[in-house]
$ cat coords00.pdb   # PDB, C-alpha atoms and all ligand atoms
MODEL        1
ATOM      1  CA  MET A 877       0.000   0.000   0.000
ATOM      2  CA  VAL A 878       1.395   3.400  -1.011
ATOM      3  CA  ILE A 879       0.810   6.493   1.112
ATOM      4  CA  THR A 880       1.611   9.801  -0.585
ATOM      5  CA  VAL A 881       3.010  12.426   1.774
ATOM      6  CA  GLY A 882       3.563  16.108   0.978
ATOM      7  CA  LEU A 883       6.203  18.016   2.941
ATOM      8  CA  LEU A 884       4.828  21.535   3.292
ATOM      9  CA  GLY A 885       6.455  24.457   5.084
ATOM     10  CA  ASN A 886       8.008  27.908   4.953
ATOM     11  CA  PRO A 887      11.418  28.192   3.233
ATOM     12  CA  ASN A 888      14.423  27.011   5.290
ATOM     13  CA  VAL A 889      12.592  25.106   8.000
ATOM     14  CA  GLY A 890      14.265  21.789   7.172
ATOM     15  CA  LYS A 891      11.882  20.191   4.654
ATOM     16  CA  THR A 892      14.671  18.916   2.399
ATOM     17  CA  SER A 893      16.815  17.828   5.370
ATOM     18  CA  LEU A 894      13.882  15.823   6.769
ATOM     19  CA  PHE A 895      13.148  14.445   3.326
ATOM     20  CA  ASN A 896      16.752  13.208   3.003
ATOM     21  CA  LYS A 897      16.639  11.686   6.474
ATOM     22  CA  LEU A 898      13.341   9.946   5.633
ATOM     23  CA  VAL A 899      14.106   8.536   2.202
ATOM     24  CA  GLY A 900      17.924   8.377   2.056
ATOM     25  CA  ALA A 901      19.139   7.544  -1.456
ATOM     26  CA  ARG A 902      15.736   6.447  -2.723
ATOM     27  CA  GLN A 903      14.944   9.771  -4.357
ATOM     28  CA  TYR A 904      14.655  11.191  -7.807
ATOM     29  CA  VAL A 905      14.315  14.607  -9.373
ATOM     30  CA  ALA A 906      11.669  15.623 -11.894
ATOM     31  CA  ASN A 907      10.239  18.962 -12.959
ATOM     32  CA  TRP A 908       6.930  20.436 -11.969
ATOM     33  CA  PRO A 909       4.596  20.420 -14.971
ATOM     34  CA  GLY A 910       5.217  23.338 -17.324
ATOM     35  CA  VAL A 911       8.027  25.001 -15.369
ATOM     36  CA  THR A 912      11.685  24.390 -14.665
ATOM     37  CA  VAL A 913      11.338  24.201 -10.906
ATOM     38  CA  THR A 914      12.675  20.865  -9.679
ATOM     39  CA  ARG A 915      10.387  18.484  -7.949
ATOM     40  CA  ILE A 916      12.037  16.011  -5.605
ATOM     41  CA  GLU A 917      10.301  12.797  -4.700
ATOM     42  CA  GLY A 918      11.377   9.715  -2.854
ATOM     43  CA  ALA A 919      10.117   6.703  -0.993
ATOM     44  CA  THR A 920      10.782   4.652   2.091
ATOM     45  CA  THR A 921       9.258   1.465   3.411
ATOM     46  CA  TYR A 922       7.606   1.456   6.809
ATOM     47  CA  LYS A 923       5.764  -1.604   8.119
ATOM     48  CA  ASP A 924       3.510  -2.745   5.247
ATOM     49  CA  TYR A 925       3.527   0.657   3.597
ATOM     50  CA  THR A 926       5.509   2.534   1.014
ATOM     51  CA  LEU A 927       5.679   6.155   2.126
ATOM     52  CA  HIS A 928       6.066   8.275  -0.995
ATOM     53  CA  PHE A 929       7.282  11.771  -0.135
ATOM     54  CA  VAL A 930       7.135  14.962  -2.211
ATOM     55  CA  ASP A 931       9.371  17.836  -1.071
ATOM     56  CA  LEU A 932       7.175  20.855  -1.902
ATOM     57  CA  PRO A 933       8.506  24.357  -2.720
ATOM     58  CA  GLY A 934       8.610  26.477   0.456
ATOM     59  CA  VAL A 935       5.706  28.907   0.940
ATOM     60  CA  TYR A 936       4.397  31.325   3.553
ATOM     61  CA  SER A 937       0.731  30.894   2.742
ATOM     62  CA  LEU A 938      -1.650  29.106   0.403
ATOM     63  CA  THR A 939      -2.459  32.335  -1.413
ATOM     64  CA  ALA A 940      -0.850  31.848  -4.806
ATOM     65  CA  THR A 941       1.171  34.906  -5.771
ATOM     66  CA  SER A 942       4.617  33.552  -6.692
ATOM     67  CA  VAL A 943       5.435  30.615  -8.954
ATOM     68  CA  ASP A 944       6.498  28.479  -5.983
ATOM     69  CA  GLU A 945       3.283  29.262  -4.156
ATOM     70  CA  LYS A 946       1.200  28.378  -7.169
ATOM     71  CA  LEU A 947       2.993  25.043  -7.664
ATOM     72  CA  THR A 948       2.565  24.096  -4.050
ATOM     73  CA  ARG A 949      -1.031  25.188  -3.860
ATOM     74  CA  ASP A 950      -2.094  23.574  -7.124
ATOM     75  CA  TYR A 951      -0.503  20.335  -6.023
ATOM     76  CA  LEU A 952      -2.379  20.430  -2.715
ATOM     77  CA  LEU A 953      -5.670  21.410  -4.362
ATOM     78  CA  PHE A 954      -5.712  19.174  -7.397
ATOM     79  CA  SER A 955      -3.694  16.147  -6.316
ATOM     80  CA  PRO A 956      -3.809  16.273  -2.523
ATOM     81  CA  PRO A 957      -1.440  13.806  -0.866
ATOM     82  CA  ASN A 958      -2.901  11.250   1.535
ATOM     83  CA  VAL A 959      -1.060  12.984   4.364
ATOM     84  CA  THR A 960       0.479  16.469   4.517
ATOM     85  CA  VAL A 961       3.325  17.023   6.976
ATOM     86  CA  VAL A 962       3.583  20.709   7.811
ATOM     87  CA  VAL A 963       7.186  21.331   8.835
ATOM     88  CA  ILE A 964       7.481  24.127  11.392
ATOM     89  CA  ASP A 965      10.626  25.756  12.768
ATOM     90  CA  SER A 966      10.592  25.145  16.543
ATOM     91  CA  MET A 967      12.793  28.220  17.035
ATOM     92  CA  SER A 968      10.149  30.571  15.611
ATOM     93  CA  PRO A 969       6.965  28.613  14.983
ATOM     94  CA  GLU A 970       4.379  31.347  14.301
ATOM     95  CA  GLN A 971       4.674  31.602  10.518
ATOM     96  CA  GLY A 972       4.693  27.846  10.172
ATOM     97  CA  MET A 973       1.634  27.534  12.371
ATOM     98  CA  PHE A 974      -0.130  30.057  10.138
ATOM     99  CA  LEU A 975       0.474  27.799   7.152
ATOM    100  CA  LEU A 976      -0.696  24.845   9.235
ATOM    101  CA  LEU A 977      -4.020  26.582   9.931
ATOM    102  CA  GLU A 978      -4.418  27.272   6.216
ATOM    103  CA  ALA A 979      -3.695  23.643   5.375
ATOM    104  CA  CYS A 980      -6.351  22.616   7.907
ATOM    105  CA  GLU A 981      -8.775  25.089   6.352
ATOM    106  CA  LEU A 982      -8.178  23.524   2.954
ATOM    107  CA  GLY A 983      -9.227  20.212   4.476
ATOM    108  CA  LEU A 984      -5.921  18.402   4.145
ATOM    109  CA  ASN A 985      -5.069  15.464   6.366
ATOM    110  CA  VAL A 986      -2.377  17.226   8.361
ATOM    111  CA  ILE A 987       0.446  16.373  10.770
ATOM    112  CA  ALA A 988       2.626  19.062  12.373
ATOM    113  CA  ALA A 989       6.380  18.409  12.613
ATOM    114  CA  PHE A 990       8.078  20.913  14.932
ATOM    115  CA  ASN A 991      11.583  20.610  13.496
ATOM    116  CA  ALA A 992      15.050  21.670  14.687
ATOM    117  CA  ILE A 993      14.023  20.444  18.118
ATOM    118  CA  ASP A 994      17.758  19.871  18.839
ATOM    119  CA  GLU A 995      18.415  23.588  18.479
ATOM    120  CA  ALA A 996      15.311  24.498  20.481
ATOM    121  CA  LYS A 997      16.400  22.241  23.344
ATOM    122  CA  LYS A 998      19.885  23.814  23.338
ATOM    123  CA  SER A 999      18.301  27.243  23.617
ATOM    124  CA  GLY A1000      16.161  26.145  26.540
ATOM    125  CA  ILE A1001      12.888  26.274  24.628
ATOM    126  CA  LYS A1002      10.314  23.857  26.038
ATOM    127  CA  ILE A1003       7.548  22.643  23.748
ATOM    128  CA  ASP A1004       4.519  20.957  25.269
ATOM    129  CA  LYS A1005       3.500  18.547  22.540
ATOM    130  CA  SER A1006       0.199  17.439  24.058
ATOM    131  CA  SER A1007      -0.839  21.043  24.619
ATOM    132  CA  LEU A1008      -0.159  21.788  20.931
ATOM    133  CA  GLU A1009      -2.149  18.716  19.938
ATOM    134  CA  LYS A1010      -5.034  19.797  22.119
ATOM    135  CA  PHE A1011      -5.240  23.320  20.640
ATOM    136  CA  LEU A1012      -4.365  22.517  17.024
ATOM    137  CA  ARG A1013      -6.192  19.166  16.957
ATOM    138  CA  VAL A1014      -3.617  17.604  14.688
ATOM    139  CA  PRO A1015      -0.908  15.055  15.561
ATOM    140  CA  VAL A1016       2.337  16.785  16.563
ATOM    141  CA  VAL A1017       5.831  15.296  16.287
ATOM    142  CA  LEU A1018       9.015  16.978  17.544
ATOM    143  CA  THR A1019      11.730  16.265  14.990
ATOM    144  CA  SER A1020      15.371  16.900  14.251
ATOM    145  CA  ALA A1021      16.733  16.266  10.789
ATOM    146  CA  HIS A1022      20.198  16.518  12.368
ATOM    147  CA  THR A1023      19.924  14.014  15.245
ATOM    148  CA  GLY A1024      17.123  11.890  13.791
ATOM    149  CA  GLU A1025      14.894  12.499  16.788
ATOM    150  CA  GLY A1026      11.211  11.926  15.997
ATOM    151  CA  ILE A1027      11.778  10.445  12.531
ATOM    152  CA  GLU A1028      10.403   6.991  13.390
ATOM    153  CA  GLU A1029       7.528   8.572  15.283
ATOM    154  CA  LEU A1030       6.770  10.747  12.248
ATOM    155  CA  LYS A1031       6.499   7.643  10.032
ATOM    156  CA  GLU A1032       4.221   6.003  12.588
ATOM    157  CA  LYS A1033       1.996   9.089  12.785
ATOM    158  CA  ILE A1034       1.817   9.251   8.982
ATOM    159  CA  VAL A1035       0.473   5.685   8.886
ATOM    160  CA  GLU A1036      -1.935   6.402  11.756
ATOM    161  CA  SER A1037      -3.367   9.496  10.060
ATOM    162  CA  PHE A1038      -3.619   7.649   6.776
ATOM    163  CA  ARG A1039      -5.726   5.002   8.515
ATOM    164  CA  LYS A1040      -7.816   7.525  10.389
ATOM    165  CA  ALA A1041      -7.829  11.086   9.069
ATOM    166  CA  THR A1042      -7.534  13.879  11.609
ATOM    167  CA  ARG A1043     -10.355  16.354  12.199
ATOM    168  CA  PRO A1044      -8.593  19.643  12.766
ATOM    169  CA  ILE A1045      -9.974  22.852  14.197
ATOM    170  CA  VAL A1046     -12.151  25.226  12.226
ATOM    171  CA  ILE A1047     -11.251  28.825  12.992
ATOM    172  CA  ASP A1048     -14.293  30.998  13.778
ATOM    173  CA  TYR A1049     -13.770  34.491  12.331
ATOM    174  CA  GLY A1050     -16.670  36.112  14.182
ATOM    175  CA  ASN A1051     -20.254  36.841  13.089
ATOM    176  CA  GLU A1052     -19.670  39.514  10.477
ATOM    177  CA  THR A1053     -16.884  37.672   8.660
ATOM    178  CA  GLU A1054     -18.615  34.293   8.939
ATOM    179  CA  GLU A1055     -21.731  35.808   7.331
ATOM    180  CA  LYS A1056     -19.648  37.123   4.458
ATOM    181  CA  ILE A1057     -17.946  33.754   4.054
ATOM    182  CA  LYS A1058     -21.384  32.076   3.768
ATOM    183  CA  GLU A1059     -22.531  34.670   1.244
ATOM    184  CA  VAL A1060     -19.463  34.197  -0.974
ATOM    185  CA  GLU A1061     -19.701  30.407  -0.592
ATOM    186  CA  GLN A1062     -23.120  30.578  -2.307
ATOM    187  CA  CYS A1063     -21.333  32.112  -5.280
ATOM    188  CA  VAL A1064     -18.544  29.545  -5.504
ATOM    189  CA  GLU A1065     -18.690  26.636  -7.947
ATOM    190  CA  GLU A1066     -18.690  23.080  -6.628
ATOM    191  CA  THR A1067     -15.033  22.694  -5.866
ATOM    192  CA  PHE A1068     -12.503  21.000  -3.586
ATOM    193  CA  ASN A1069     -13.512  23.103  -0.614
ATOM    194  CA  LYS A1070     -16.048  25.901  -0.830
ATOM    195  CA  ARG A1071     -15.195  27.450   2.524
ATOM    196  CA  PHE A1072     -11.472  27.596   1.716
ATOM    197  CA  THR A1073     -12.204  29.090  -1.710
ATOM    198  CA  ALA A1074     -14.599  31.685  -0.261
ATOM    199  CA  ILE A1075     -12.049  32.674   2.386
ATOM    200  CA  LYS A1076      -9.336  33.084  -0.251
ATOM    201  CA  ILE A1077     -11.640  35.182  -2.453
ATOM    202  CA  ILE A1078     -12.478  37.448   0.489
ATOM    203  CA  GLU A1079      -8.760  37.810   1.277
ATOM    204  CA  GLY A1080      -8.320  39.151  -2.262
ATOM    205  CA  ASP A1081      -6.724  36.128  -3.923
ATOM    206  CA  LYS A1082      -7.181  36.784  -7.649
ATOM    207  CA  TYR A1083      -6.521  33.175  -8.553
ATOM    208  CA  ALA A1084      -9.349  31.915  -6.323
ATOM    209  CA  ARG A1085     -11.811  34.187  -8.135
ATOM    210  CA  ARG A1086     -11.779  31.775 -11.055
ATOM    211  CA  PHE A1087     -14.078  29.610  -8.988
ATOM    212  CA  LEU A1088     -16.828  32.238  -8.731
ATOM    213  CA  LYS A1089     -20.024  31.272 -10.555
ATOM    214  CA  LYS A1090     -20.677  33.183 -13.768
ATOM    215  CA  ASP A1091     -24.089  34.400 -12.610
ATOM    216  CA  CYS A1092     -22.797  35.682  -9.314
ATOM    217  CA  PRO A1093     -23.572  39.374  -8.638
ATOM    218  CA  ASN A1094     -20.606  41.505  -9.684
ATOM    219  CA  ASP A1095     -20.687  43.666  -6.606
ATOM    220  CA  ILE A1096     -20.196  40.770  -4.202
ATOM    221  CA  LEU A1097     -16.473  41.532  -4.040
ATOM    222  CA  ASP A1098     -16.804  45.326  -4.021
ATOM    223  CA  THR A1099     -18.867  45.255  -0.872
ATOM    224  CA  ILE A1100     -16.323  43.504   1.320
ATOM    225  CA  PRO A1101     -15.099  45.935   3.966
ATOM    226  CA  GLN A1102     -11.360  46.064   4.609
ATOM    227  CA  GLU A1103     -11.913  44.970   8.250
ATOM    228  CA  ILE A1104     -13.430  41.723   7.032
ATOM    229  CA  ARG A1105     -10.540  41.035   4.655
ATOM    230  CA  THR A1106      -7.931  41.606   7.318
ATOM    231  CA  SER A1107      -9.858  39.793  10.052
ATOM    232  CA  ILE A1108      -9.027  36.484   8.400
ATOM    233  CA  PRO A1109      -5.230  36.483   8.831
ATOM    234  CA  SER A1110      -5.408  38.472  12.061
ATOM    235  CA  THR A1111      -7.806  35.999  13.684
ATOM    236  CA  LYS A1112      -5.425  33.191  12.750
ATOM    237  CA  TYR A1113      -2.481  35.064  14.278
ATOM    238  CA  GLU A1114      -4.443  35.758  17.473
ATOM    239  CA  TYR A1115      -5.207  32.075  17.777
ATOM    240  CA  ILE A1116      -1.558  31.179  17.177
ATOM    241  CA  THR A1117      -0.302  33.706  19.730
ATOM    242  CA  ASN A1118      -2.533  32.107  22.359
ATOM    243  CA  VAL A1119      -1.508  28.565  21.463
ATOM    244  CA  VAL A1120       2.183  29.516  21.572
ATOM    245  CA  GLN A1121       1.779  31.212  24.959
ATOM    246  CA  LEU A1122       0.051  28.169  26.394
ATOM    247  CA  SER A1123       2.300  25.518  24.826
ATOM    248  CA  ILE A1124       5.815  26.895  24.344
ATOM    249  CA  GLN A1125       8.140  28.230  27.044
ATOM    250  CA  ARG A1126      10.989  30.371  25.785
TER     251      ARG A1126
HETATM  252  P1  LIG B1201      14.120  23.757   3.474
HETATM  253  O1  LIG B1201      14.351  25.058   2.785
HETATM  254  O2  LIG B1201      12.857  23.789   4.278
HETATM  255  O3  LIG B1201      14.188  22.571   2.585
HETATM  256  O4  LIG B1201      15.268  23.609   4.594
HETATM  257  P2  LIG B1201      16.652  22.826   4.502
HETATM  258  O5  LIG B1201      16.457  21.366   4.673
HETATM  259  O6  LIG B1201      17.377  23.273   3.302
HETATM  260  O7  LIG B1201      17.355  23.352   5.838
HETATM  261  C1  LIG B1201      17.642  24.715   6.050
HETATM  262  C2  LIG B1201      18.749  24.827   7.090
HETATM  263  O8  LIG B1201      18.296  24.347   8.360
HETATM  264  C3  LIG B1201      19.982  23.997   6.753
HETATM  265  O9  LIG B1201      21.121  24.727   7.143
HETATM  266  C4  LIG B1201      19.832  22.749   7.602
HETATM  267  O10 LIG B1201      21.060  22.150   7.930
HETATM  268  C5  LIG B1201      19.146  23.304   8.837
HETATM  269  N1  LIG B1201      18.301  22.292   9.497
HETATM  270  C6  LIG B1201      17.346  21.549   8.922
HETATM  271  N2  LIG B1201      16.778  20.716   9.820
HETATM  272  C7  LIG B1201      17.403  20.948  11.000
HETATM  273  C8  LIG B1201      17.272  20.384  12.315
HETATM  274  O11 LIG B1201      16.435  19.514  12.606
HETATM  275  N3  LIG B1201      18.094  20.880  13.281
HETATM  276  C9  LIG B1201      18.993  21.862  13.029
HETATM  277  N4  LIG B1201      19.751  22.282  14.038
HETATM  278  N5  LIG B1201      19.138  22.411  11.802
HETATM  279  C10 LIG B1201      18.364  21.960  10.801
HETATM  280 MG    MG B1202      15.570  26.019   1.233
HETATM  281 MG    MG B1203      14.322  22.567   0.485
ENDMDL
END
$ encode --input "coords00.pdb" --output "structure tokens"
Amino acid sequence: MVITVGLLGNPNVGKTSLFNKLVGARQYVANWPGVTVTRIEGATTYKDYTLHFVDLPGVYSLTATSVDEKLTRDYLLFSPPNVTVVVIDSMSPEQGMFLLLEACELGLNVIAAFNAIDEAKKSGIKIDKSSLEKFLRVPVVLTSAHTGEGIEELKEKIVESFRKATRPIVIDYGNETEEKIKEVEQCVEETFNKRFTAIKIIEGDKYARRFLKKDCPNDILDTIPQEIRTSIPSTKYEYITNVVQLSIQR
């Protein structure tokens, strides 16, 4: 049985280092369709499974503005892996956790890997894994691509989430924004995830607008107040700030 696993994360958080640790020499390089950005894939065997990893281009969000972002997002939207490992830098986890919340919003089957745990430990940072799991409602693994800590546990968690998908949190953006999300959702074509698409449209993602129905009123986008647009990322960051305060001592 093959399990496809996407390695998602900000640039320079250790995705490729983890990938190398996970698959060793069993890797090959291809190109992403239509562009000359390399796509690295590789496999490893774990129990009865073949874990097939894809090392995705580093991104800060799932709003597609750069080529890398578009490649990563299209891959996640149109050929979602069975499991997505969101690699987060333990030394400064906020931006990675933001991406994690977006991946959850997209409806991916997500695991969080807090990487560079060796460095975090050296700096006296204490990460409460079960607290993170409680607030993020996804499996959390503390990993080091340098020492190998957490690598076996990561493989185990990948198999576990493949067998039983996780049900992550749904961020509540407050009445006004939630009403707008519902309104825009009515105007979105049947797609991978209407809520995610509506949220991206409200945030101003031009690419997501392609999924608006043709007969949708033109003014639906003109009438979105700036406060509603900005409430989406800011609500995520508020949530993250709380989770970090309650789960990470530094
Ligand atoms: P990517 O851009 O996400 O693929 O990140 P890389 O794998 O290229 O790693 C970026 C830098 O972080 C490199 O200098 C790695 O050696 C370092 N790095 C990656 N993982 C770890 C880790 O677990 N611990 C420590 N201390 N450094 C790491
Ligand atoms: Mg890099
Ligand atoms: Mg890399």
$ closest_residue --input "coords00.pdb" --among "A:Leu938, A:Val878, A:Ala988, A:Ala996" --to "ligand LIG 1201 (chain B)" --atoms "only C-alpha atoms and all ligand atoms"
A:Ala996
$ closest_residue --input "coords00.pdb" --among "A:Arg1085, A:Lys1002, A:Arg1013, A:Arg1105" --to "Arg1126 of chain A" --atoms "only C-alpha atoms"
A:Lys1002
$ residues_around --input "coords00.pdb" --residues "Asp931 of chain A" --least-positions-apart "5" --cutoff "9 Å" --atoms "all atoms listed in the file" --output "ChimeraX atom specification"
/A:881-884,891-892,895,915-918
$ closest_atom_pairs --input "coords00.pdb" --of "chain A" --to "ligand MG 1203 (chain B)" --cutoff "8 Å" --atoms "all atoms listed in the file" --output "tab-separated table"
residue	atom	partner	partner_atom	distance
A:Pro887	CA	B:MG1203	MG	6.9
A:Asn888	CA	B:MG1203	MG	6.5
A:Gly890	CA	B:MG1203	MG	6.7
A:Lys891	CA	B:MG1203	MG	5.4
A:Thr892	CA	B:MG1203	MG	4.1
A:Ser893	CA	B:MG1203	MG	7.2
A:Asp931	CA	B:MG1203	MG	7.0
A:Leu932	CA	B:MG1203	MG	7.7
A:Pro933	CA	B:MG1203	MG	6.9
A:Gly934	CA	B:MG1203	MG	6.9
$ closest_residue --input "coords00.pdb" --among "A:Glu1025, A:Glu1036, A:Glu1065, A:Glu1055" --to "Glu995 of chain A" --atoms "only C-alpha atoms"
A:Glu1025
$ residues_around --input "coords00.pdb" --residues "Gly900 of chain A" --least-positions-apart "2" --cutoff "9 Å" --atoms "only C-alpha atoms" --output "ChimeraX atom specification"
/A:895-898,902-903,918-920
$ atom_distance --input "coords00.pdb" --atom1 "atom CA of Gly1050 of chain A" --atom2 "atom CA of Glu970 of chain A"
21.6 Å
$ resolve_selection --input "coords00.pdb" --expression "the PyMOL selection byres (((chain A and resi 1034) around 12) and not hetatm)" --output "VMD selection string"
chain A and resid 878 to 883 922 to 923 925 to 929 957 to 962 985 to 989 1014 to 1017 1027 to 1033 1035 to 1042
